[in-house]
$ cat structure-v7.txt   # compact mmCIF, C-alpha atoms
# COMPACT_ATOMS: atom_id res chain seq x y z
CA MET O 1 -19.74 32.17 27.48
CA THR O 2 -20.33 30.41 24.19
CA ALA O 3 -22.94 27.83 23.36
CA ARG O 4 -22.23 24.47 21.82
CA PRO O 5 -21.98 24.60 18.02
CA GLY O 6 -25.39 24.37 16.35
CA THR O 7 -27.37 25.68 19.37
CA VAL O 8 -28.84 29.10 20.09
CA THR O 9 -28.70 30.51 23.61
CA LEU O 10 -31.27 33.24 24.17
CA HIS O 11 -30.14 33.85 27.74
CA SER O 12 -26.72 33.17 29.30
CA ALA O 13 -26.72 32.54 33.03
CA TRP O 14 -23.00 33.23 33.18
CA HIS O 15 -23.37 36.63 31.48
CA ALA O 16 -25.99 37.51 34.09
CA VAL O 17 -23.46 37.10 36.92
CA PRO O 18 -22.27 40.53 38.17
CA ARG O 19 -18.86 41.39 36.76
CA VAL O 20 -17.35 41.86 40.21
CA GLN O 21 -18.14 38.23 41.07
CA VAL O 22 -16.76 37.05 37.74
CA ARG O 23 -13.51 38.93 38.39
CA GLN O 24 -13.30 37.44 41.90
CA PHE O 25 -13.86 33.95 40.53
CA ALA O 26 -11.23 34.42 37.81
CA ALA O 27 -8.65 35.89 40.19
CA ILE O 28 -8.94 32.96 42.60
CA ALA O 29 -8.95 30.39 39.83
CA MET O 30 -5.88 31.96 38.22
CA ALA O 31 -4.01 32.03 41.51
CA GLU O 32 -4.81 28.38 42.14
CA ALA O 33 -4.08 27.26 38.55
CA PRO O 34 -0.48 26.08 39.25
CA ALA O 35 -1.56 24.01 42.28
CA LEU O 36 -4.59 22.68 40.40
CA ALA O 37 -2.38 21.67 37.46
CA GLU O 38 -0.05 19.76 39.80
CA GLU O 39 -3.01 18.06 41.48
CA ILE O 40 -4.42 17.00 38.09
CA LEU O 41 -1.03 15.68 36.97
CA ARG O 42 -0.59 13.69 40.21
CA GLU O 43 -4.00 12.08 39.74
CA ILE O 44 -3.24 11.30 36.11
CA ARG O 45 0.08 9.71 37.09
CA ARG O 46 -1.71 7.67 39.74
CA GLU O 47 -4.38 6.47 37.28
CA TYR O 48 -1.90 5.95 34.44
CA PRO O 49 1.46 5.01 36.00
CA HIS O 50 2.98 3.92 32.69
CA LEU O 51 2.44 7.30 31.06
CA PRO O 52 5.89 8.55 29.89
CA VAL O 53 7.22 11.76 31.44
CA VAL O 54 8.54 14.18 28.81
CA LEU O 55 10.47 17.22 30.05
CA ASP O 56 10.92 20.56 28.32
CA ASP O 57 14.25 22.39 28.04
CA SER O 58 13.96 23.69 31.63
CA GLY O 59 13.29 20.20 33.02
CA GLU O 60 9.60 20.83 33.71
CA PRO O 61 7.13 18.10 32.64
CA MET O 62 5.46 19.00 29.34
CA ALA O 63 2.19 17.60 30.65
CA LEU O 64 2.24 20.00 33.60
CA ILE O 65 2.89 22.95 31.29
CA GLY O 66 0.03 21.93 29.02
CA ILE O 67 -2.44 21.48 31.88
CA ARG O 68 -1.49 24.82 33.45
CA ARG O 69 -1.78 26.69 30.15
CA ALA O 70 -5.14 25.11 29.41
CA ILE O 71 -6.51 26.19 32.80
CA GLU O 72 -5.13 29.73 32.50
CA VAL O 73 -6.51 30.28 28.99
CA PHE O 74 -9.93 29.02 30.03
CA VAL O 75 -10.02 31.22 33.14
CA GLN O 76 -8.89 34.31 31.20
CA HIS O 77 -11.75 33.70 28.80
CA LEU O 78 -14.24 33.75 31.68
CA GLU O 79 -13.48 37.43 32.23
CA THR O 80 -13.64 38.55 28.60
CA ALA O 81 -16.20 36.05 27.23
CA GLU O 82 -15.06 37.00 23.75
CA GLY O 83 -15.14 34.24 21.15
CA ARG O 84 -14.05 30.75 22.15
CA PRO O 85 -11.15 30.02 24.53
CA ARG O 86 -8.11 28.91 22.56
CA VAL O 87 -5.01 27.35 24.04
CA HIS O 88 -1.76 27.47 22.08
CA PRO O 89 -1.94 24.21 20.10
CA GLU O 90 1.69 23.05 20.13
CA VAL O 91 1.59 21.32 23.52
CA PHE O 92 -1.57 19.33 22.84
CA GLN O 93 -0.48 18.51 19.32
CA GLU O 94 2.72 17.19 20.86
CA PHE O 95 0.70 14.96 23.20
CA GLY O 96 -1.13 13.46 20.24
CA ARG O 97 2.10 13.19 18.28
CA GLY O 98 3.69 11.26 21.14
CA GLU O 99 0.82 8.77 21.24
CA GLY O 100 1.16 8.19 17.51
CA LEU O 101 4.94 7.80 17.54
CA HIS O 102 4.75 5.25 20.37
CA GLY O 103 2.09 3.20 18.61
CA ARG O 104 -0.66 3.92 21.13
CA SER O 105 -4.26 4.87 20.38
CA LEU O 106 -5.86 8.17 21.37
CA ASP O 107 -8.34 6.45 23.69
CA SER O 108 -6.14 6.73 26.79
CA LEU O 109 -5.25 10.35 26.00
CA GLN O 110 -8.91 11.33 25.72
CA ALA O 111 -9.63 9.53 29.00
CA ILE O 112 -6.84 11.56 30.62
CA TYR O 113 -8.32 14.79 29.30
CA ARG O 114 -11.75 13.91 30.69
CA LEU O 115 -10.17 13.12 34.05
CA GLY O 116 -8.52 16.54 34.02
CA VAL O 117 -11.81 18.29 33.25
CA ARG O 118 -13.57 16.50 36.11
CA LEU O 119 -10.88 17.54 38.59
CA ALA O 120 -10.87 21.11 37.30
CA TRP O 121 -14.66 21.28 37.54
CA ARG O 122 -14.51 20.10 41.16
CA ARG O 123 -12.11 22.95 42.01
CA PHE O 124 -14.11 25.53 40.04
CA ALA O 125 -17.29 24.43 41.81
CA GLU O 126 -15.62 25.10 45.19
CA ILE O 127 -14.46 28.52 44.01
CA GLY O 128 -17.97 29.26 42.70
CA GLN O 129 -19.44 28.54 46.11
CA ARG O 130 -16.90 30.86 47.75
CA VAL O 131 -17.90 33.83 45.61
CA ASP O 132 -21.61 32.92 45.39
CA ILE O 133 -21.84 32.12 41.67
CA PRO O 134 -25.42 30.87 41.02
CA PRO O 135 -25.74 27.14 40.18
CA PRO O 136 -27.19 27.74 36.65
CA ALA O 137 -24.11 29.77 35.77
CA MET O 138 -21.85 27.01 37.08
CA TYR O 139 -23.73 24.40 35.04
CA GLU O 140 -23.15 26.57 32.01
CA LEU O 141 -19.49 26.76 32.99
CA VAL O 142 -19.04 23.00 32.98
CA ASP O 143 -20.77 22.79 29.59
CA ALA O 144 -18.27 25.32 28.24
CA GLY O 145 -15.46 23.29 29.81
CA TYR O 146 -16.37 20.19 27.85
CA GLU O 147 -16.66 22.23 24.67
CA TYR O 148 -13.16 23.55 25.42
CA LEU O 149 -12.02 19.96 25.92
CA ASP O 150 -13.24 19.11 22.42
CA GLY O 151 -10.87 21.74 21.05
CA LEU O 152 -7.92 20.26 22.96
CA VAL O 153 -8.77 16.81 21.64
CA ASP O 154 -8.90 18.20 18.09
CA GLN O 155 -5.36 19.51 18.49
CA SER O 156 -4.16 16.14 19.77
CA VAL O 157 -5.86 14.34 16.91
CA ARG O 158 -4.05 16.64 14.49
CA GLY O 159 -0.72 15.83 16.11
CA TYR O 160 -1.56 12.12 16.13
CA ALA O 161 -2.41 12.17 12.41
CA GLU O 162 0.79 14.03 11.65
CA ALA O 163 2.84 11.42 13.52
CA ALA O 164 1.01 8.57 11.77
CA ALA O 165 1.67 10.14 8.38
CA ARG O 166 5.32 10.70 9.25
CA GLN O 167 5.72 7.10 10.39
CA ALA O 168 4.00 5.79 7.26
CA GLY O 169 6.26 7.93 5.10
CA GLU O 170 9.36 6.75 6.94
CA ARG O 171 8.32 3.13 6.59
CA LEU O 172 7.74 3.59 2.87
CA ARG O 173 11.17 5.17 2.52
CA LEU O 174 12.84 2.29 4.37
CA GLN O 175 10.76 -0.25 2.45
CA ARG O 176 11.83 1.33 -0.85
CA ARG O 177 15.49 1.10 0.17
CA LEU O 178 15.00 -2.57 1.07
CA MET O 179 13.35 -3.29 -2.28
CA ASP O 180 16.12 -1.50 -4.17
CA LEU O 181 18.66 -3.77 -2.49
CA LEU O 182 16.57 -6.91 -2.97
CA LEU O 183 16.07 -6.25 -6.66
CA SER O 184 19.65 -5.27 -7.35
CA GLU O 185 21.60 -7.57 -9.64
CA HIS O 186 24.65 -7.09 -7.42
CA GLN O 187 23.40 -8.15 -4.00
CA HIS O 188 25.60 -10.77 -2.35
CA ARG O 189 24.58 -14.35 -2.90
CA GLY O 190 24.47 -17.09 -0.27
CA ASP O 191 23.68 -15.86 3.23
CA PRO O 192 21.74 -12.56 3.25
CA ALA O 193 24.05 -9.57 3.27
CA GLU O 194 24.31 -7.59 6.47
CA ALA O 195 22.70 -4.53 4.85
CA LEU O 196 19.74 -6.65 3.73
CA VAL O 197 19.22 -8.07 7.21
CA GLU O 198 19.46 -4.60 8.76
CA ARG O 199 17.02 -2.96 6.33
CA ALA O 200 14.50 -5.78 6.69
CA ALA O 201 14.71 -5.58 10.48
CA ARG O 202 14.02 -1.83 10.47
CA ILE O 203 10.56 -2.38 8.98
CA GLY O 204 9.93 -5.67 10.76
CA TRP O 205 9.99 -7.76 7.57
CA PRO O 206 11.15 -11.37 8.20
CA LEU O 207 13.52 -12.42 5.42
CA PRO O 208 11.83 -15.24 3.46
CA ASP O 209 13.54 -18.14 1.71
CA ARG O 210 11.74 -17.51 -1.58
CA VAL O 211 10.08 -14.51 -3.20
CA ALA O 212 8.17 -13.63 -6.36
CA VAL O 213 8.36 -10.12 -7.79
CA GLY O 214 5.39 -8.46 -9.44
CA VAL O 215 5.08 -5.52 -11.85
CA LEU O 216 1.69 -3.81 -12.05
CA LEU O 217 -0.11 -1.68 -14.63
CA ARG O 218 -2.28 1.02 -13.06
CA PRO O 219 -6.00 0.80 -13.93
CA ALA O 220 -6.05 4.63 -13.62
CA ARG O 221 -3.51 7.38 -13.01
CA GLU O 222 -4.74 8.03 -9.46
CA ALA O 223 -5.49 4.41 -8.57
CA VAL O 224 -5.36 3.63 -4.85
CA ALA O 225 -2.66 1.16 -3.86
CA PRO O 226 -3.97 -2.41 -3.69
CA ALA O 227 -4.45 -3.73 -0.16
CA VAL O 228 -1.84 -6.48 -0.37
CA GLY O 229 -0.99 -6.35 3.36
CA GLN O 230 2.23 -5.33 5.11
CA SER O 231 3.96 -8.65 4.50
CA VAL O 232 4.05 -7.84 0.76
CA LEU O 233 6.49 -5.06 -0.10
CA LEU O 234 4.85 -2.57 -2.47
CA ASP O 235 6.43 0.46 -4.16
CA MET O 236 3.88 2.71 -5.86
CA GLU O 237 6.46 5.35 -6.84
CA TYR O 238 7.32 3.59 -10.08
CA GLU O 239 5.31 4.29 -13.23
CA GLN O 240 4.65 0.55 -13.12
CA PRO O 241 4.42 -0.29 -9.39
CA ARG O 242 6.51 -3.17 -8.08
CA MET O 243 5.86 -5.65 -5.31
CA VAL O 244 7.87 -8.36 -3.60
CA VAL O 245 5.78 -11.31 -2.41
CA PRO O 246 7.41 -13.40 0.34
CA GLU O 247 6.85 -17.17 0.26
CA PRO O 248 4.42 -16.85 -2.69
CA ASP O 249 3.22 -20.44 -2.38
CA ALA O 250 2.39 -20.16 1.34
CA ALA O 251 -1.13 -21.16 2.36
CA GLY O 252 -3.62 -18.41 1.62
CA ARG O 253 -1.14 -16.14 -0.18
CA PRO O 254 -2.42 -16.70 -3.76
CA GLU O 255 -6.02 -16.09 -2.65
CA LEU O 256 -5.06 -12.91 -0.80
CA LEU O 257 -3.25 -11.52 -3.83
CA TYR O 258 -6.11 -12.49 -6.14
CA ARG O 259 -8.58 -10.48 -4.06
CA ALA O 260 -6.24 -7.53 -3.44
CA LEU O 261 -5.27 -7.17 -7.11
CA ALA O 262 -8.77 -7.34 -8.57
CA GLY O 263 -9.04 -4.70 -11.30
CA TRP O 264 -5.28 -4.46 -11.81
CA SER O 265 -3.19 -5.78 -14.70
CA GLY O 266 0.41 -6.91 -14.60
CA ALA O 267 2.50 -9.98 -13.95
CA ILE O 268 4.13 -11.84 -11.09
CA GLY O 269 7.48 -13.45 -11.84
CA PRO O 270 8.37 -17.04 -10.93
CA PRO O 271 9.18 -17.90 -7.29
CA VAL O 272 12.96 -17.78 -6.78
CA PRO O 273 15.41 -17.87 -3.87
CA LEU O 274 15.71 -14.51 -2.10
CA ALA O 275 19.10 -13.80 -3.68
CA ASP O 276 17.59 -14.20 -7.17
CA ALA O 277 14.77 -11.66 -6.74
CA ALA O 278 16.13 -9.63 -9.68
CA LYS O 279 15.55 -12.61 -11.97
CA SER O 280 11.90 -12.82 -10.98
CA LEU O 281 11.62 -9.08 -11.66
CA ARG O 282 13.08 -9.51 -15.18
CA TRP O 283 10.50 -12.14 -16.08
CA ALA O 284 7.66 -10.03 -14.67
CA GLU O 285 8.84 -7.01 -16.68
CA ALA O 286 9.06 -9.17 -19.81
CA ALA O 287 5.51 -10.42 -19.29
CA VAL O 288 4.19 -6.89 -18.79
CA ARG O 289 5.79 -5.81 -22.07
CA LEU O 290 3.93 -8.64 -23.81
CA VAL O 291 0.69 -7.59 -22.10
CA GLU O 292 1.18 -4.02 -23.37
CA ARG O 293 1.70 -5.36 -26.91
CA GLY O 294 -1.48 -7.42 -26.68
CA LEU O 295 0.41 -10.73 -26.82
CA LEU O 296 -0.65 -11.77 -23.33
CA PRO O 297 -4.13 -11.16 -21.83
CA ALA O 298 -4.71 -7.84 -20.05
CA GLY O 299 -7.18 -7.08 -17.26
CA GLU O 300 -5.62 -9.41 -14.70
CA VAL O 301 -2.33 -10.02 -12.92
CA LEU O 302 -0.71 -12.97 -14.69
CA HIS O 303 1.64 -15.53 -13.20
CA CYS O 304 4.68 -16.03 -15.40
CA THR O 305 4.79 -19.73 -14.58
CA GLU O 306 1.47 -20.11 -16.44
CA HIS O 307 2.79 -18.41 -19.60
CA THR O 308 6.21 -19.98 -20.00
CA GLU O 309 5.80 -20.74 -23.69
CA ALA O 310 5.02 -17.14 -24.61
CA LEU O 311 7.82 -15.76 -22.45
CA VAL O 312 10.40 -18.16 -23.87
CA LEU O 313 9.37 -17.84 -27.50
CA LEU O 314 8.41 -14.17 -27.72
CA GLN O 315 11.23 -12.63 -25.72
CA PRO O 316 14.26 -13.15 -28.00
CA GLU O 317 12.43 -11.60 -30.97
CA GLU O 318 15.50 -10.87 -33.09
CA LEU O 319 16.74 -14.44 -32.77
CA ILE O 320 13.33 -15.96 -33.48
CA ASP O 321 12.79 -13.64 -36.48
CA ASP O 322 16.19 -14.52 -37.89
CA LEU O 323 15.49 -18.22 -37.40
CA ALA O 324 12.09 -17.81 -39.07
CA LEU O 325 13.65 -16.20 -42.14
CA ARG O 326 15.89 -19.22 -42.59
CA CYS O 327 13.48 -21.98 -41.62
CA LEU O 328 10.43 -20.66 -43.49
CA ALA O 329 12.27 -19.52 -46.61
CA PRO O 330 10.52 -22.22 -48.73
CA LEU O 331 7.19 -20.39 -48.16
CA ALA O 332 8.46 -17.10 -49.57
CA HIS O 333 6.93 -17.70 -53.02
CA CYS O 334 3.67 -19.31 -51.93
CA GLY O 335 1.62 -16.16 -51.44
CA PRO O 336 0.47 -14.95 -48.00
CA THR O 337 -2.81 -16.89 -47.70
CA HIS O 338 -1.55 -20.18 -49.07
CA GLY O 339 1.73 -19.84 -47.20
CA ARG O 340 -0.14 -19.30 -43.91
CA ARG O 341 -2.28 -22.41 -44.50
CA LEU O 342 0.77 -24.51 -45.23
CA ALA O 343 2.47 -23.14 -42.09
CA GLU O 344 -0.58 -23.98 -39.95
CA THR O 345 -0.69 -27.49 -41.43
CA LEU O 346 3.02 -27.98 -40.86
CA LEU O 347 2.72 -26.88 -37.21
CA ALA O 348 -0.29 -29.17 -36.62
CA TRP O 349 1.65 -32.06 -38.12
CA LEU O 350 4.73 -31.33 -35.98
CA GLU O 351 2.60 -31.10 -32.82
CA THR O 352 0.46 -34.20 -33.41
CA ARG O 353 3.14 -36.38 -35.04
CA GLY O 354 0.15 -38.05 -36.65
CA GLY O 355 -1.21 -38.75 -40.09
CA ALA O 356 -3.67 -36.81 -42.24
CA PRO O 357 -6.78 -37.72 -40.16
CA GLU O 358 -5.25 -36.47 -36.90
CA VAL O 359 -3.98 -33.25 -38.51
CA ALA O 360 -7.32 -32.71 -40.29
CA ALA O 361 -9.21 -33.11 -36.99
CA ARG O 362 -6.92 -30.57 -35.35
CA LEU O 363 -7.33 -28.02 -38.17
CA GLY O 364 -11.02 -28.67 -38.84
CA VAL O 365 -10.50 -29.45 -42.54
CA HIS O 366 -10.94 -32.51 -44.78
CA PRO O 367 -8.18 -35.17 -44.55
CA GLN O 368 -7.72 -34.99 -48.33
CA THR O 369 -6.89 -31.28 -48.00
CA VAL O 370 -4.27 -32.14 -45.41
CA ARG O 371 -2.76 -34.83 -47.67
CA TYR O 372 -2.46 -32.29 -50.48
CA ARG O 373 -0.79 -29.76 -48.20
CA LEU O 374 1.59 -32.33 -46.70
CA ARG O 375 2.74 -33.32 -50.20
CA GLN O 376 3.48 -29.66 -50.90
CA ILE O 377 5.39 -29.39 -47.63
CA ARG O 378 7.50 -32.40 -48.66
CA GLU O 379 8.20 -30.77 -51.98
CA LEU O 380 9.20 -27.45 -50.36
CA TRP O 381 11.38 -28.78 -47.53
CA GLY O 382 12.37 -32.18 -48.78
CA ASP O 383 14.15 -34.43 -46.31
CA GLU O 384 14.73 -31.52 -43.92
CA VAL O 385 11.34 -32.17 -42.27
CA ASP O 386 12.67 -35.54 -41.13
CA ASP O 387 15.71 -34.06 -39.43
CA PRO O 388 15.01 -33.76 -35.65
CA ASP O 389 16.95 -30.50 -35.27
CA ARG O 390 15.20 -28.87 -38.23
CA ARG O 391 11.79 -30.09 -37.01
CA PHE O 392 12.51 -28.54 -33.60
CA GLU O 393 13.48 -25.20 -35.17
CA LEU O 394 10.38 -25.20 -37.38
CA GLU O 395 8.11 -25.87 -34.41
CA LEU O 396 9.77 -23.09 -32.42
CA VAL O 397 9.26 -20.40 -35.06
CA LEU O 398 5.75 -21.56 -35.95
CA ARG O 399 4.67 -21.61 -32.30
CA ALA O 400 6.07 -18.11 -31.91
CA GLN O 401 4.11 -16.91 -34.93
CA ARG O 402 0.95 -18.46 -33.53
CA LEU O 403 1.50 -16.70 -30.20
CA ARG O 404 1.84 -13.41 -32.09
CA GLY O 405 -1.46 -14.07 -33.84
CA GLU O 406 0.17 -14.56 -37.25
CA LEU O 407 -1.19 -18.13 -37.47
CA GLY O 408 -4.57 -19.46 -36.47
CA ASP O 409 -4.83 -21.39 -33.22
CA PRO O 410 -6.89 -24.58 -33.57
CA ARG O 411 -7.15 -24.78 -29.79
CA ALA O 412 -9.33 -21.66 -29.84
CA ARG O 413 -11.93 -23.47 -31.94
CA ARG O 414 -12.41 -26.27 -29.45

$ encode --input "structure-v7.txt" --output "structure tokens"
Amino acid sequence: MTARPGTVTLHSAWHAVPRVQVRQFAAIAMAEAPALAEEILREIRREYPHLPVVLDDSGEPMALIGIRRAIEVFVQHLETAEGRPRVHPEVFQEFGRGEGLHGRSLDSLQAIYRLGVRLAWRRFAEIGQRVDIPPPAMYELVDAGYEYLDGLVDQSVRGYAEAAARQAGERLRLQRRLMDLLLSEHQHRGDPAEALVERAARIGWPLPDRVAVGVLLRPAREAVAPAVGQSVLLDMEYEQPRMVVPEPDAAGRPELLYRALAGWSGAIGPPVPLADAAKSLRWAEAAVRLVERGLLPAGEVLHCTEHTEALVLLQPEELIDDLALRCLAPLAHCGPTHGRRLAETLLAWLETRGGAPEVAARLGVHPQTVRYRLRQIRELWGDEVDDPDRRFELELVLRAQRLRGELGDPRARR
């Protein structure tokens, strides 16, 4: 007989029982093990009528096999008293696995095990009286029985954890397939495609009317996935994780995402109809590229709708650069410092549509300085600065340069 872990037993009452009595006890208990197992199973079925019956290949209930094996292994150990009694784990792991796969907790399974131990102890106590086993030895026997029960529970917990991990992995696989379809440029428009409906149903994800797609930058290589909740689809397998946010403007959704994404960087694309999810992804990816280049703020998850100017002006770089070469050609011979000051003055004038005082207030310089620069601008561009189309082009390229940090931003000085 073994003591509970962490205790020291100087004297074992069970070891003091004469071996002939131990063998008698074990022989009777082994002979009655099949009937005892059936009795325990009947009582369990009576207490838990909704417990599913799983049969093995021969048609015998798996539960009955497990109970019988557990009794036999424990009884065999009583004769040898070597080490701790160990039942073959597969059956009890399977019990735990079944609870996990059916979405139940382990509480009922542990209650069933305790019921089985109580019934077994009642039968062992009767057998002990028949062969005159002293009460202290029987008390030690029941203590060993509950220690043995702990081992069976451990096996079931292992099976339960395995099932939970398998289910989580399967859900992630199905979720990834759903996201791949959602974010495909070629998904059918109009009513959701049959494949989309089927994949969403398999993970219990109600198809929303509108979504926003996010792209994240990991704060660290081994960063734990943000707790965005099951309603938000999240794929951490990408170098830059993706997420699909259903009904992004729903009550409480922005606050939930703000808390869950604390410490992360990235961007969430604009809300779009479900069929246009790929468009939201494109904008989020574009914003993340600007974050990586330092053109949009890092250290938070941005919303593209709050950075429309940067996304519109900084995305088509080749076109903007080509337009800048043509529109700002008059500054080519002004020198870098003077040319930048004239460009800042020109942009302030285009934005305010005011006179020298308004432009001077915006730039933080003297109005006379502005008048001097505006005369130079007139000399360089001539009547072109009065043409609405040319003014629009100039403002575009100058705003883009300011966003890139090539021009000073008077708003930052306010």

$ residues_near_point --input "structure-v7.txt" --point "(0.7, -31.6, -36.7)" --cutoff "12 Å" --atoms "all atoms listed in the file" --output "ChimeraX atom specification"
/O:342-363,370-371,373-374,391,394-395,398-399,410

$ write_last_selection --input "structure-v7.txt" --atoms "C-alpha atoms" --output "compact mmCIF listing (two decimals), in the frame of the given file"
# COMPACT_ATOMS: atom_id res chain seq x y z
CA LEU O 342 0.77 -24.51 -45.23
CA ALA O 343 2.47 -23.14 -42.09
CA GLU O 344 -0.58 -23.98 -39.95
CA THR O 345 -0.69 -27.49 -41.43
CA LEU O 346 3.02 -27.98 -40.86
CA LEU O 347 2.72 -26.88 -37.21
CA ALA O 348 -0.29 -29.17 -36.62
CA TRP O 349 1.65 -32.06 -38.12
CA LEU O 350 4.73 -31.33 -35.98
CA GLU O 351 2.60 -31.10 -32.82
CA THR O 352 0.46 -34.20 -33.41
CA ARG O 353 3.14 -36.38 -35.04
CA GLY O 354 0.15 -38.05 -36.65
CA GLY O 355 -1.21 -38.75 -40.09
CA ALA O 356 -3.67 -36.81 -42.24
CA PRO O 357 -6.78 -37.72 -40.16
CA GLU O 358 -5.25 -36.47 -36.90
CA VAL O 359 -3.98 -33.25 -38.51
CA ALA O 360 -7.32 -32.71 -40.29
CA ALA O 361 -9.21 -33.11 -36.99
CA ARG O 362 -6.92 -30.57 -35.35
CA LEU O 363 -7.33 -28.02 -38.17
CA VAL O 370 -4.27 -32.14 -45.41
CA ARG O 371 -2.76 -34.83 -47.67
CA ARG O 373 -0.79 -29.76 -48.20
CA LEU O 374 1.59 -32.33 -46.70
CA ARG O 391 11.79 -30.09 -37.01
CA LEU O 394 10.38 -25.20 -37.38
CA GLU O 395 8.11 -25.87 -34.41
CA LEU O 398 5.75 -21.56 -35.95
CA ARG O 399 4.67 -21.61 -32.30
CA PRO O 410 -6.89 -24.58 -33.57

$ atom_distance --input "structure-v7.txt" --atom1 "atom CA of Arg218 of chain O" --atom2 "atom CA of Thr305 of chain O"
22.0 Å

$ residues_near_point --input "structure-v7.txt" --point "(-3.2, -17.0, -38.3)" --cutoff "10 Å" --atoms "all atoms listed in the file" --output "number ranges by chain"
O: 337, 340-341, 343-344, 401-410

$ closest_residue --input "structure-v7.txt" --among "O:Thr369, O:Ser58, O:Ser184, O:Ser265" --to "Leu196 of chain O" --atoms "only C-alpha atoms"
O:Ser184

$ residues_around --input "structure-v7.txt" --residues "segment 314-319 of chain O" --least-positions-apart "4" --cutoff "10 Å" --atoms "all atoms listed in the file" --output "MDAnalysis selection string"
chainID O and resid 283 286:287 289:290 295 308:310 323:324 397 399:401 403:404

$ residues_around --input "structure-v7.txt" --residues "Glu239 of chain O" --least-positions-apart "6" --cutoff "10 Å" --atoms "only C-alpha atoms" --output "PyMOL selection string"
chain O and resi 215-218+221

$ closest_residue --input "structure-v7.txt" --among "O:Cys327, O:Gln368, O:Val244, O:Glu43" --to "Pro271 of chain O" --atoms "all atoms listed in the file"
O:Val244

$ residues_around --input "structure-v7.txt" --residues "Leu36 of chain O" --least-positions-apart "4" --cutoff "8 Å" --atoms "only C-alpha atoms" --output "list in words"
Glu32, Ile40, Arg68, Ala120 and Arg123 of chain O

$ write_last_selection --input "structure-v7.txt" --atoms "C-alpha atoms" --output "short mmCIF file (atom, residue, chain, number, x, y, z; two decimals), keeping the file's coordinate frame"
data_model
loop_
_atom_site.label_atom_id
_atom_site.label_comp_id
_atom_site.auth_asym_id
_atom_site.auth_seq_id
_atom_site.Cartn_x
_atom_site.Cartn_y
_atom_site.Cartn_z
CA GLU O 32 -4.81 28.38 42.14
CA ILE O 40 -4.42 17.00 38.09
CA ARG O 68 -1.49 24.82 33.45
CA ALA O 120 -10.87 21.11 37.30
CA ARG O 123 -12.11 22.95 42.01
#

$ closest_residue --input "structure-v7.txt" --among "O:Ile127, O:Gly116, O:Arg199, O:Ala212" --to "Lys279 of chain O" --atoms "only C-alpha atoms"
O:Ala212

$ residues_around --input "structure-v7.txt" --residues "Arg69 of chain O" --least-positions-apart "3" --cutoff "9 Å" --atoms "all atoms listed in the file" --output "JSON, numbers by chain"
{"O": [33, 37, 64, 65, 66, 72, 73, 74, 87, 88]}

$ decode --input "structure-v7.txt" --residues "segment 209-221 of chain O" --atoms "C-alpha atoms" --output "short mmCIF file (atom, residue, chain, number, x, y, z; two decimals), in the first residue's frame"
data_model
loop_
_atom_site.label_atom_id
_atom_site.label_comp_id
_atom_site.auth_asym_id
_atom_site.auth_seq_id
_atom_site.Cartn_x
_atom_site.Cartn_y
_atom_site.Cartn_z
CA ASP O 209 -23.78 42.89 -43.57
CA ARG O 210 -20.58 44.89 -43.19
CA VAL O 211 -17.02 44.10 -42.13
CA ALA O 212 -13.71 45.87 -41.59
CA VAL O 213 -10.44 44.03 -42.13
CA GLY O 214 -7.40 44.65 -39.96
CA VAL O 215 -3.69 43.96 -40.47
CA LEU O 216 -1.52 43.82 -37.34
CA LEU O 217 2.17 44.29 -36.60
CA ARG O 218 3.42 41.98 -33.83
CA PRO O 219 4.86 43.77 -30.78
CA ALA O 220 7.18 40.74 -30.39
CA ARG O 221 7.89 37.56 -32.32
#
